[in-house]
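Data from upload-v4.csv: CSV, C-alpha atoms and all ligand atoms
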chain,number,residue,atom,x,y,z
A,1,MET,CA,5.8,5.7,11.6
A,2,GLY,CA,3.2,7.6,13.6
A,3,GLU,CA,-0.3,8.5,12.5
A,4,GLY,CA,-0.6,11.7,10.4
A,5,LYS,CA,2.9,11.4,8.9
A,6,CYS,CA,3.8,10.0,5.5
A,7,LYS,CA,7.2,9.2,4.1
A,8,VAL,CA,6.4,10.1,0.5
A,9,GLU,CA,6.4,13.8,-0.2
A,10,ASN,CA,3.9,15.5,-2.4
A,11,LEU,CA,1.1,13.7,-0.7
A,12,PHE,CA,-2.0,14.9,-2.3
A,13,LYS,CA,-3.0,14.1,-5.8
A,14,ASP,CA,-5.3,16.7,-7.4
A,15,PHE,CA,-7.8,14.2,-8.7
A,16,ARG,CA,-8.3,12.8,-5.3
A,17,LYS,CA,-8.6,16.1,-3.6
A,18,HIS,CA,-12.2,15.7,-2.8
A,19,SER,CA,-12.4,11.9,-2.4
A,20,PRO,CA,-12.3,10.0,0.8
A,21,LEU,CA,-8.9,8.8,-0.4
A,22,LYS,CA,-7.4,12.2,-0.6
A,23,GLU,CA,-4.6,11.4,1.8
A,24,VAL,CA,-3.5,8.2,0.0
A,25,ARG,CA,-0.4,8.5,-2.2
A,26,PHE,CA,-0.4,5.3,-4.2
A,27,ILE,CA,-3.1,2.7,-4.7
A,28,LEU,CA,-1.9,-0.7,-5.8
A,29,ALA,CA,-4.3,-3.5,-6.7
A,30,VAL,CA,-3.2,-7.1,-6.4
A,31,GLY,CA,-5.3,-9.4,-8.6
A,32,SER,CA,-5.4,-12.5,-10.7
A,33,GLY,CA,-7.5,-14.2,-13.3
A,34,LYS,CA,-7.6,-17.4,-11.3
A,35,GLY,CA,-8.6,-18.1,-7.7
A,36,GLY,CA,-6.2,-19.5,-5.1
A,37,VAL,CA,-3.0,-18.4,-6.8
A,38,GLY,CA,-1.7,-16.3,-3.9
A,39,LYS,CA,-3.3,-12.8,-4.1
A,40,THR,CA,-4.0,-12.5,-0.4
A,41,THR,CA,-0.6,-14.0,0.5
A,42,VAL,CA,1.3,-11.6,-1.8
A,43,SER,CA,-0.9,-8.6,-0.7
A,44,GLY,CA,0.0,-9.3,2.9
A,45,LEU,CA,3.7,-9.8,2.1
A,46,LEU,CA,3.8,-6.7,0.1
A,47,ALA,CA,2.1,-4.7,2.9
A,48,LEU,CA,4.7,-6.1,5.4
A,49,ALA,CA,7.6,-5.6,3.0
A,50,LEU,CA,6.7,-1.9,2.4
A,51,LYS,CA,6.0,-1.3,6.0
A,52,GLU,CA,9.4,-2.6,6.9
A,53,GLU,CA,10.8,0.0,4.5
A,54,GLY,CA,9.2,2.7,6.6
A,55,PHE,CA,6.1,3.5,4.5
A,56,SER,CA,2.7,3.8,6.0
A,57,ILE,CA,0.5,1.1,4.6
A,58,GLY,CA,-3.2,0.3,4.3
A,59,LEU,CA,-4.4,-3.1,3.3
A,60,TRP,CA,-8.0,-3.6,2.1
A,61,ASP,CA,-9.4,-7.1,1.9
A,62,LEU,CA,-11.8,-6.7,-1.0
A,63,ASP,CA,-12.7,-10.4,-1.2
A,64,PHE,CA,-16.2,-9.7,0.1
A,65,TYR,CA,-17.3,-13.4,-0.3
A,66,GLY,CA,-14.3,-14.8,1.4
A,67,PRO,CA,-12.7,-12.1,3.6
A,68,ASN,CA,-9.6,-13.7,5.1
A,69,SER,CA,-6.6,-11.3,4.9
A,70,THR,CA,-6.3,-10.8,8.6
A,71,LEU,CA,-5.8,-14.5,9.2
A,72,LEU,CA,-2.3,-14.1,7.8
A,73,PHE,CA,-1.5,-11.5,10.5
A,74,THR,CA,-3.3,-12.7,13.5
A,75,SER,CA,-5.5,-15.6,14.7
A,76,GLU,CA,-7.5,-13.2,16.9
A,77,LYS,CA,-11.0,-12.1,15.9
A,78,ILE,CA,-10.8,-8.4,15.1
A,79,GLU,CA,-13.8,-6.1,15.4
A,80,THR,CA,-13.9,-2.4,14.4
A,81,ILE,CA,-15.6,0.1,16.6
A,82,PRO,CA,-17.7,2.3,14.3
A,83,GLU,CA,-16.9,6.0,14.8
A,84,GLN,CA,-19.3,8.7,14.1
A,85,GLU,CA,-17.7,9.6,10.8
A,86,GLY,CA,-17.0,6.1,9.7
A,87,PHE,CA,-14.9,3.0,10.3
A,88,LYS,CA,-11.3,3.0,11.4
A,89,PRO,CA,-9.2,0.2,10.1
A,90,ALA,CA,-7.5,-2.2,12.6
A,91,LEU,CA,-3.8,-1.7,13.2
A,92,ILE,CA,-2.1,-5.0,13.0
A,93,GLU,CA,1.7,-5.4,12.7
A,94,GLY,CA,1.8,-1.7,12.0
A,95,ILE,CA,-0.5,-2.0,9.0
A,96,LYS,CA,-3.9,-0.5,8.7
A,97,ILE,CA,-6.2,-3.3,7.7
A,98,MET,CA,-9.9,-3.2,6.7
A,99,SER,CA,-11.9,-6.4,6.0
A,100,LEU,CA,-15.5,-7.4,5.9
A,101,SER,CA,-14.6,-10.1,8.4
A,102,PHE,CA,-14.5,-7.4,11.1
A,103,PHE,CA,-18.3,-7.0,10.8
A,104,ILE,CA,-19.4,-10.6,10.5
A,105,GLN,CA,-19.2,-13.9,12.4
A,106,GLU,CA,-16.7,-16.4,11.2
A,107,LYS,CA,-19.3,-18.9,10.0
A,108,GLU,CA,-21.8,-16.4,8.8
A,109,PRO,CA,-22.6,-17.1,5.1
A,110,LEU,CA,-22.2,-14.2,2.8
A,111,PHE,CA,-25.1,-14.1,0.3
A,112,MET,CA,-24.7,-11.1,-1.9
A,113,ARG,CA,-25.6,-10.4,-5.5
A,114,GLY,CA,-23.1,-8.5,-7.5
A,115,LEU,CA,-25.0,-5.3,-7.3
A,116,MET,CA,-25.1,-5.5,-3.5
A,117,ALA,CA,-21.4,-6.2,-3.3
A,118,GLY,CA,-20.7,-3.2,-5.5
A,119,LYS,CA,-22.9,-1.0,-3.4
A,120,LEU,CA,-21.2,-2.1,-0.2
A,121,PHE,CA,-17.8,-1.4,-1.7
A,122,GLN,CA,-19.0,2.0,-2.7
A,123,GLU,CA,-20.4,2.8,0.7
A,124,LEU,CA,-17.3,1.5,2.5
A,125,THR,CA,-15.1,3.6,0.3
A,126,GLN,CA,-16.9,6.6,1.6
A,127,ARG,CA,-16.8,5.5,5.2
A,128,VAL,CA,-13.4,3.9,5.9
A,129,ILE,CA,-11.1,6.4,7.6
A,130,TRP,CA,-7.7,5.5,6.3
A,131,GLY,CA,-5.9,8.7,7.1
A,132,PRO,CA,-2.6,9.5,5.5
A,133,LEU,CA,-1.1,6.5,3.7
A,134,ASP,CA,1.9,6.0,1.4
A,135,PHE,CA,0.4,2.9,-0.1
A,136,LEU,CA,-3.1,1.4,-0.1
A,137,ILE,CA,-3.0,-2.2,-1.2
A,138,LEU,CA,-6.2,-3.8,-2.5
A,139,ASP,CA,-6.4,-7.5,-2.1
A,140,LEU,CA,-8.9,-8.4,-4.9
A,141,PRO,CA,-11.1,-11.4,-5.3
A,142,PRO,CA,-10.3,-13.6,-8.3
A,143,GLY,CA,-11.2,-12.5,-11.8
A,144,THR,CA,-12.7,-9.4,-13.3
A,145,GLY,CA,-16.2,-9.5,-11.9
A,146,ASP,CA,-18.3,-7.0,-9.9
A,147,ILE,CA,-15.7,-5.9,-7.3
A,148,PHE,CA,-13.1,-5.4,-10.0
A,149,LEU,CA,-15.5,-3.4,-12.1
A,150,THR,CA,-16.6,-1.3,-9.2
A,151,MET,CA,-13.0,-0.7,-8.3
A,152,LEU,CA,-12.4,0.8,-11.7
A,153,ASP,CA,-15.4,3.1,-11.3
A,154,LEU,CA,-14.3,4.3,-7.8
A,155,TYR,CA,-10.5,4.3,-7.9
A,156,PHE,CA,-7.6,5.6,-9.9
A,157,ILE,CA,-5.3,2.6,-9.7
A,158,ASP,CA,-1.6,3.5,-9.8
A,159,GLY,CA,-0.5,0.0,-10.4
A,160,PHE,CA,-1.9,-3.5,-10.8
A,161,ILE,CA,0.1,-6.5,-9.8
A,162,LEU,CA,-1.0,-9.7,-11.4
A,163,ILE,CA,-0.4,-13.0,-9.5
A,164,THR,CA,-0.2,-16.3,-11.2
A,165,THR,CA,1.2,-19.8,-10.9
A,166,PRO,CA,2.9,-21.2,-14.0
A,167,HIS,CA,0.0,-23.7,-14.5
A,168,LYS,CA,-1.6,-23.4,-17.9
A,169,LEU,CA,-5.1,-22.9,-16.4
A,170,ALA,CA,-3.9,-19.9,-14.3
A,171,LEU,CA,-2.0,-18.6,-17.4
A,172,SER,CA,-5.0,-18.8,-19.6
A,173,ASP,CA,-7.1,-16.8,-17.1
A,174,SER,CA,-4.2,-14.3,-16.7
A,175,LEU,CA,-4.2,-13.6,-20.5
A,176,ARG,CA,-7.8,-12.6,-20.3
A,177,THR,CA,-7.2,-10.3,-17.3
A,178,ILE,CA,-4.3,-8.7,-19.0
A,179,SER,CA,-6.5,-7.9,-22.0
A,180,ILE,CA,-9.0,-6.2,-19.8
A,181,LEU,CA,-6.3,-4.2,-18.0
A,182,LYS,CA,-5.0,-3.0,-21.4
A,183,GLU,CA,-8.5,-2.1,-22.6
A,184,LYS,CA,-9.2,-0.2,-19.4
A,185,ARG,CA,-5.7,1.4,-19.4
A,186,ILE,CA,-4.7,0.3,-16.0
A,187,PRO,CA,-1.0,0.3,-15.5
A,188,LEU,CA,0.2,-3.2,-15.0
A,189,LEU,CA,3.3,-3.0,-12.9
A,190,GLY,CA,4.2,-6.6,-13.5
A,191,ILE,CA,3.6,-10.3,-12.9
A,192,ILE,CA,4.4,-12.2,-9.8
A,193,LYS,CA,5.0,-15.8,-10.4
A,194,ASN,CA,4.0,-17.7,-7.3
A,195,MET,CA,4.9,-21.1,-6.1
A,196,ALA,CA,6.7,-21.9,-9.3
A,197,ASN,CA,8.9,-24.5,-7.5
A,198,LEU,CA,5.8,-26.7,-7.1
A,199,PHE,CA,5.2,-26.9,-10.8
A,200,PRO,CA,7.5,-29.0,-12.9
A,201,LYS,CA,6.6,-27.5,-16.2
A,202,ASP,CA,8.0,-24.0,-16.6
A,203,GLY,CA,7.9,-23.8,-20.4
A,204,ASN,CA,4.4,-22.6,-20.4
A,205,PHE,CA,5.4,-19.6,-18.3
A,206,SER,CA,8.2,-18.4,-20.6
A,207,GLU,CA,6.0,-18.7,-23.6
A,208,PHE,CA,3.3,-16.7,-21.7
A,209,LEU,CA,5.7,-13.9,-20.7
A,210,GLU,CA,6.9,-13.6,-24.3
A,211,LYS,CA,3.3,-13.3,-25.5
A,212,VAL,CA,2.1,-10.7,-23.0
A,213,LYS,CA,5.4,-8.6,-23.0
A,214,VAL,CA,4.8,-7.7,-19.3
A,215,PRO,CA,7.8,-7.7,-16.9
A,216,LEU,CA,8.2,-10.5,-14.4
A,217,LEU,CA,8.2,-8.5,-11.2
A,218,TYR,CA,9.0,-11.2,-8.7
A,219,GLU,CA,9.2,-15.0,-8.3
A,220,LEU,CA,7.9,-16.1,-5.0
A,221,PRO,CA,8.7,-19.7,-4.1
A,222,PHE,CA,6.4,-21.9,-2.0
A,223,LEU,CA,7.2,-20.7,1.6
A,224,GLN,CA,7.5,-23.7,3.9
A,225,ASP,CA,7.7,-21.4,6.9
A,226,LEU,CA,4.4,-19.8,6.0
A,227,ALA,CA,2.7,-23.1,5.4
A,228,GLU,CA,3.8,-24.3,8.8
A,229,LYS,CA,3.4,-21.2,10.9
A,230,GLU,CA,0.5,-19.7,8.9
A,231,LEU,CA,1.5,-16.2,9.8
A,232,LEU,CA,3.3,-13.8,7.6
A,233,ALA,CA,5.3,-12.3,10.4
A,234,ALA,CA,7.2,-15.7,10.5
A,235,LEU,CA,9.2,-14.4,7.6
A,236,LYS,CA,10.7,-11.6,9.7
A,237,GLU,CA,12.2,-14.2,11.9
A,238,THR,CA,14.8,-15.6,9.4
A,239,GLU,CA,17.5,-13.9,7.5
A,240,TRP,CA,16.2,-15.5,4.4
A,241,GLY,CA,12.7,-14.2,5.0
A,242,LYS,CA,13.9,-10.7,5.7
A,243,ARG,CA,15.9,-10.7,2.5
A,244,GLU,CA,12.8,-12.0,0.6
A,245,LEU,CA,10.7,-9.1,2.0
A,246,LYS,CA,13.4,-6.6,1.1
A,247,ASN,CA,13.7,-7.9,-2.4
A,248,LEU,CA,10.0,-7.8,-2.9
A,249,ALA,CA,9.7,-4.2,-1.7
A,250,GLU,CA,12.7,-3.1,-3.9
A,251,LYS,CA,11.3,-4.6,-7.0
A,252,VAL,CA,7.8,-3.2,-6.5
A,253,LEU,CA,9.1,0.3,-5.5
A,254,LYS,CA,11.3,0.4,-8.6
A,255,ARG,CA,8.3,-0.3,-10.9
A,256,VAL,CA,6.0,2.1,-9.0
A,257,PHE,CA,8.4,5.0,-9.3
A,258,ARG,CA,9.2,4.3,-12.9
A,259,PHE,CA,5.5,4.8,-13.7
A,260,HIS,CA,4.9,7.8,-11.5
B,1,LIG,N1,4.2,-18.6,-1.8
B,1,LIG,C1,3.5,-19.3,-1.0
B,1,LIG,N2,4.0,-20.1,0.0
B,1,LIG,C2,3.3,-20.9,0.8
B,1,LIG,N3,1.9,-21.0,0.7
B,1,LIG,C3,1.3,-20.2,-0.2
B,1,LIG,C4,2.1,-19.3,-1.1
B,1,LIG,N4,1.2,-18.6,-1.9
B,1,LIG,C5,0.0,-19.1,-1.5
B,1,LIG,N5,0.0,-20.0,-0.5
B,1,LIG,C6,-1.1,-20.7,0.1
B,1,LIG,O1,-2.0,-21.1,-0.9
B,1,LIG,C7,-3.3,-20.9,-0.5
B,1,LIG,C8,-4.0,-19.9,-1.4
B,1,LIG,O2,-3.4,-18.6,-1.3
B,1,LIG,P1,-4.2,-17.2,-1.2
B,1,LIG,O3,-5.3,-17.4,-0.2
B,1,LIG,O4,-3.2,-16.2,-0.9
B,1,LIG,O5,-4.7,-17.2,-2.7
B,1,LIG,P2,-5.7,-16.2,-3.3
B,1,LIG,O6,-5.4,-16.0,-4.7
B,1,LIG,O7,-5.9,-15.0,-2.4
B,1,LIG,O8,-7.1,-17.0,-3.2
B,1,LIG,P3,-8.6,-16.5,-3.5
B,1,LIG,O9,-8.7,-16.5,-5.0
B,1,LIG,O10,-9.5,-17.5,-2.8
B,1,LIG,O11,-8.7,-15.1,-2.9
B,1,LIG,C9,-3.3,-20.4,1.0
B,1,LIG,O12,-3.4,-21.5,1.8
B,1,LIG,C10,-1.9,-19.8,1.1
B,1,LIG,O13,-1.3,-19.9,2.4
B,2,MG,MG,-7.6,-14.1,-1.5
Can you present the structure in this file as structure tokens?
Amino acid sequence: MGEGKCKVENLFKDFRKHSPLKEVRFILAVGSGKGGVGKTTVSGLLALALKEEGFSIGLWDLDFYGPNSTLLFTSEKIETIPEQEGFKPALIEGIKIMSLSFFIQEKEPLFMRGLMAGKLFQELTQRVIWGPLDFLILDLPPGTGDIFLTMLDLYFIDGFILITTPHKLALSDSLRTISILKEKRIPLLGIIKNMANLFPKDGNFSEFLEKVKVPLLYELPFLQDLAEKELLAALKETEWGKRELKNLAEKVLKRVFRFH
């Protein structure tokens, strides 16, 4: 799909008319209470899955302290060339990606107090030139700290996708995150249960789902191919992987269009 064209009609939302995101149709946030449960992996998969369905996709790596989204798409070091009016995202695998990793060296330490991270987020929001997008996917850092709170100030989130493993520590953190989402009235599209096949005890998870009354959006098993090849595109090489991407896109699209 070429630049300047979007598949979804009725592109402009009134409330975004004057914002830098005025040409973005849906904003989906991928988050979790706990770290390391698969947010970046799922954000990347979702971006790829929706792109394969013909949508124009942006992926924003908002993990300012550990920006690593692009590593799932390419092992090359990406650098953006600043334009006069702002920064253009990199186009990788047909997905527009923006990450702080474009601006820093790999080993460079990122010292930032919360306030600085929030300010940087705000500034980049004004300066990243996404252009028309059907979906902008936000790959959040873990928890509900500064970036999460700044996101709530800056964005209207069309849907939040919560990632968790079935481990009781991840579920406990997820409960807290769900309470915050409810309080802030952020539409929670559903929960993605990740790597469930690695955890022998699933009882915790059924109990958790019953308690929170949030739909299980998707179950993503541990992907051996991904562990070996370390690139998401590896999934497009097998029939099974292609099916997995298609299923993920279908499940998410169904929920998005039910809400909006
Ligand atoms: N379904 C999966 N199959 C195979 N490997 C996975 C899967 N989900 C996550 N992983 C692996 O687990 C590790 C953590 O995943 P990821 O970085 O996506 O988590 P995260 O929630 O984004 O972490 P952080 O909180 O640090 O941002 C990575 O090495 C990733 O490749
Ligand atoms: Mg991550």
Hey, what's within 12 Å of Phe121 of chain A if we count only C-alpha atoms and toss same-chain stuff fewer than 2 positions away? As an mmCIF file with C-alpha atoms, in the frame of the given file, please?
data_model
loop_
_atom_site.group_PDB
_atom_site.id
_atom_site.type_symbol
_atom_site.label_atom_id
_atom_site.label_comp_id
_atom_site.auth_asym_id
_atom_site.auth_seq_id
_atom_site.Cartn_x
_atom_site.Cartn_y
_atom_site.Cartn_z
ATOM 1 C CA TRP A 60 -8.000 -3.600 2.100
ATOM 2 C CA ASP A 61 -9.400 -7.100 1.900
ATOM 3 C CA LEU A 62 -11.800 -6.700 -1.000
ATOM 4 C CA ASP A 63 -12.700 -10.400 -1.200
ATOM 5 C CA PHE A 64 -16.200 -9.700 0.100
ATOM 6 C CA MET A 98 -9.900 -3.200 6.700
ATOM 7 C CA SER A 99 -11.900 -6.400 6.000
ATOM 8 C CA LEU A 100 -15.500 -7.400 5.900
ATOM 9 C CA MET A 112 -24.700 -11.100 -1.900
ATOM 10 C CA GLY A 114 -23.100 -8.500 -7.500
ATOM 11 C CA LEU A 115 -25.000 -5.300 -7.300
ATOM 12 C CA MET A 116 -25.100 -5.500 -3.500
ATOM 13 C CA ALA A 117 -21.400 -6.200 -3.300
ATOM 14 C CA GLY A 118 -20.700 -3.200 -5.500
ATOM 15 C CA LYS A 119 -22.900 -1.000 -3.400
ATOM 16 C CA GLU A 123 -20.400 2.800 0.700
ATOM 17 C CA LEU A 124 -17.300 1.500 2.500
ATOM 18 C CA THR A 125 -15.100 3.600 0.300
ATOM 19 C CA GLN A 126 -16.900 6.600 1.600
ATOM 20 C CA ARG A 127 -16.800 5.500 5.200
ATOM 21 C CA VAL A 128 -13.400 3.900 5.900
ATOM 22 C CA LEU A 138 -6.200 -3.800 -2.500
ATOM 23 C CA LEU A 140 -8.900 -8.400 -4.900
ATOM 24 C CA ASP A 146 -18.300 -7.000 -9.900
ATOM 25 C CA ILE A 147 -15.700 -5.900 -7.300
ATOM 26 C CA PHE A 148 -13.100 -5.400 -10.000
ATOM 27 C CA LEU A 149 -15.500 -3.400 -12.100
ATOM 28 C CA THR A 150 -16.600 -1.300 -9.200
ATOM 29 C CA MET A 151 -13.000 -0.700 -8.300
ATOM 30 C CA LEU A 152 -12.400 0.800 -11.700
ATOM 31 C CA ASP A 153 -15.400 3.100 -11.300
ATOM 32 C CA LEU A 154 -14.300 4.300 -7.800
ATOM 33 C CA TYR A 155 -10.500 4.300 -7.900
#
* Tell me which protein, DNA and RNA residues are within 9 Å of segment 75-78 of chain A, counting all atoms listed in the file, leaving out same-chain ones fewer than 5 positions away, and put them as a ChimeraX atom specification. => /A:70,90,101-103,106,231
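Between atom CA of Gly145 of chain A and atom CA of Gly33 of chain A the separation is 10.0 Å.
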Segment 48-55 of chain A: which residues within 9 Å, counting all atoms listed in the file, same-chain residues fewer than 2 positions away excluded, as an mmCIF file with C-alpha atoms, keeping the file's coordinate frame?
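The result, written out as result10.cif:
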data_model
loop_
_atom_site.group_PDB
_atom_site.id
_atom_site.type_symbol
_atom_site.label_atom_id
_atom_site.label_comp_id
_atom_site.auth_asym_id
_atom_site.auth_seq_id
_atom_site.Cartn_x
_atom_site.Cartn_y
_atom_site.Cartn_z
ATOM 1 C CA MET A 1 5.800 5.700 11.600
ATOM 2 C CA CYS A 6 3.800 10.000 5.500
ATOM 3 C CA LYS A 7 7.200 9.200 4.100
ATOM 4 C CA VAL A 8 6.400 10.100 0.500
ATOM 5 C CA SER A 43 -0.900 -8.600 -0.700
ATOM 6 C CA GLY A 44 0.000 -9.300 2.900
ATOM 7 C CA LEU A 45 3.700 -9.800 2.100
ATOM 8 C CA LEU A 46 3.800 -6.700 0.100
ATOM 9 C CA ILE A 57 0.500 1.100 4.600
ATOM 10 C CA GLU A 93 1.700 -5.400 12.700
ATOM 11 C CA GLY A 94 1.800 -1.700 12.000
ATOM 12 C CA ILE A 95 -0.500 -2.000 9.000
ATOM 13 C CA LEU A 133 -1.100 6.500 3.700
ATOM 14 C CA ASP A 134 1.900 6.000 1.400
ATOM 15 C CA PHE A 135 0.400 2.900 -0.100
ATOM 16 C CA LEU A 232 3.300 -13.800 7.600
ATOM 17 C CA ALA A 233 5.300 -12.300 10.400
ATOM 18 C CA LYS A 242 13.900 -10.700 5.700
ATOM 19 C CA GLU A 244 12.800 -12.000 0.600
ATOM 20 C CA LEU A 245 10.700 -9.100 2.000
ATOM 21 C CA LYS A 246 13.400 -6.600 1.100
ATOM 22 C CA ASN A 247 13.700 -7.900 -2.400
ATOM 23 C CA LEU A 248 10.000 -7.800 -2.900
ATOM 24 C CA ALA A 249 9.700 -4.200 -1.700
ATOM 25 C CA GLU A 250 12.700 -3.100 -3.900
ATOM 26 C CA LEU A 253 9.100 0.300 -5.500
#
* Asked: Smallest atom-to-atom distance to Leu72 of chain A: which of A:Leu28, A:Lys184, A:Met195, A:Glu228, using only C-alpha atoms?
  ->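 So, comparing all the options, the nearest one is A:Glu228.
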* Asked: Residues at most 7 Å from ligand MG 2 (chain B), using all atoms listed in the file? Could they come as JSON, numbers by chain?
  -> {"A": [36, 38, 39, 40, 63, 68, 139, 140, 141]}
* **Atomic distance atom CA of Pro142 of chain A - atom CA of Ser32 of chain A, expressed in Å with one decimal** =>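 Separation of atom CA of Pro142 of chain A and atom CA of Ser32 of chain A: 5.6 Å.
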* Using only C-alpha atoms: which of A:Tyr218, A:Phe26, A:Phe87, A:Trp240 has the shortest distance to Ile163 of chain A -> A:Tyr218
* In Å, how far is it from atom CA of Ile92 of chain A to atom CA of Leu110 of chain A? -> 24.3 Å
* Asked: In terms of the shortest atom-to-atom distance over all atoms listed in the file, which of A:Ile129, A:Leu198, A:Ile161, A:Ala234 is closest to Val214 of chain A?
  -> A:Ile161
* Radius query 8 Å about (-8.0, -10.4, -12.9), atoms used: all atoms listed in the file, as a ChimeraX atom specification -> /A:31-34,142-144,148,162,173-174,176-178
For the residues selected in the previous step, produce a file with C-alpha atoms as a PDB file, in the coordinates of the input.
ATOM      1  CA  GLY A  31      -5.300  -9.400  -8.600  1.00  0.00           C
ATOM      2  CA  SER A  32      -5.400 -12.500 -10.700  1.00  0.00           C
ATOM      3  CA  GLY A  33      -7.500 -14.200 -13.300  1.00  0.00           C
ATOM      4  CA  LYS A  34      -7.600 -17.400 -11.300  1.00  0.00           C
ATOM      5  CA  PRO A 142     -10.300 -13.600  -8.300  1.00  0.00           C
ATOM      6  CA  GLY A 143     -11.200 -12.500 -11.800  1.00  0.00           C
ATOM      7  CA  THR A 144     -12.700  -9.400 -13.300  1.00  0.00           C
ATOM      8  CA  PHE A 148     -13.100  -5.400 -10.000  1.00  0.00           C
ATOM      9  CA  LEU A 162      -1.000  -9.700 -11.400  1.00  0.00           C
ATOM     10  CA  ASP A 173      -7.100 -16.800 -17.100  1.00  0.00           C
ATOM     11  CA  SER A 174      -4.200 -14.300 -16.700  1.00  0.00           C
ATOM     12  CA  ARG A 176      -7.800 -12.600 -20.300  1.00  0.00           C
ATOM     13  CA  THR A 177      -7.200 -10.300 -17.300  1.00  0.00           C
ATOM     14  CA  ILE A 178      -4.300  -8.700 -19.000  1.00  0.00           C
TER      15      ILE A 178
END
* Pick the closest to Tyr65 of chain A from A:Leu120, A:Ala227, A:Leu91, A:Ile97: which is it, counting only C-alpha atoms? ->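 Of the candidates, the smallest distance to Tyr65 of chain A is held by A:Leu120.
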* Structure fact -> Residue with the minimum atom-to-atom distance to ligand LIG 1 (chain B), picked from A:Ile180, A:Val42, A:Leu169, A:Leu21 with only C-alpha atoms and all ligand atoms counted, is A:Val42
* Asked: Closest to Pro221 of chain A among A:Gly66, A:Leu235, A:Asn194, A:Lys96, using all atoms listed in the file?
  ->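 Using all atoms listed in the file, Pro221 of chain A sits closest to A:Asn194.
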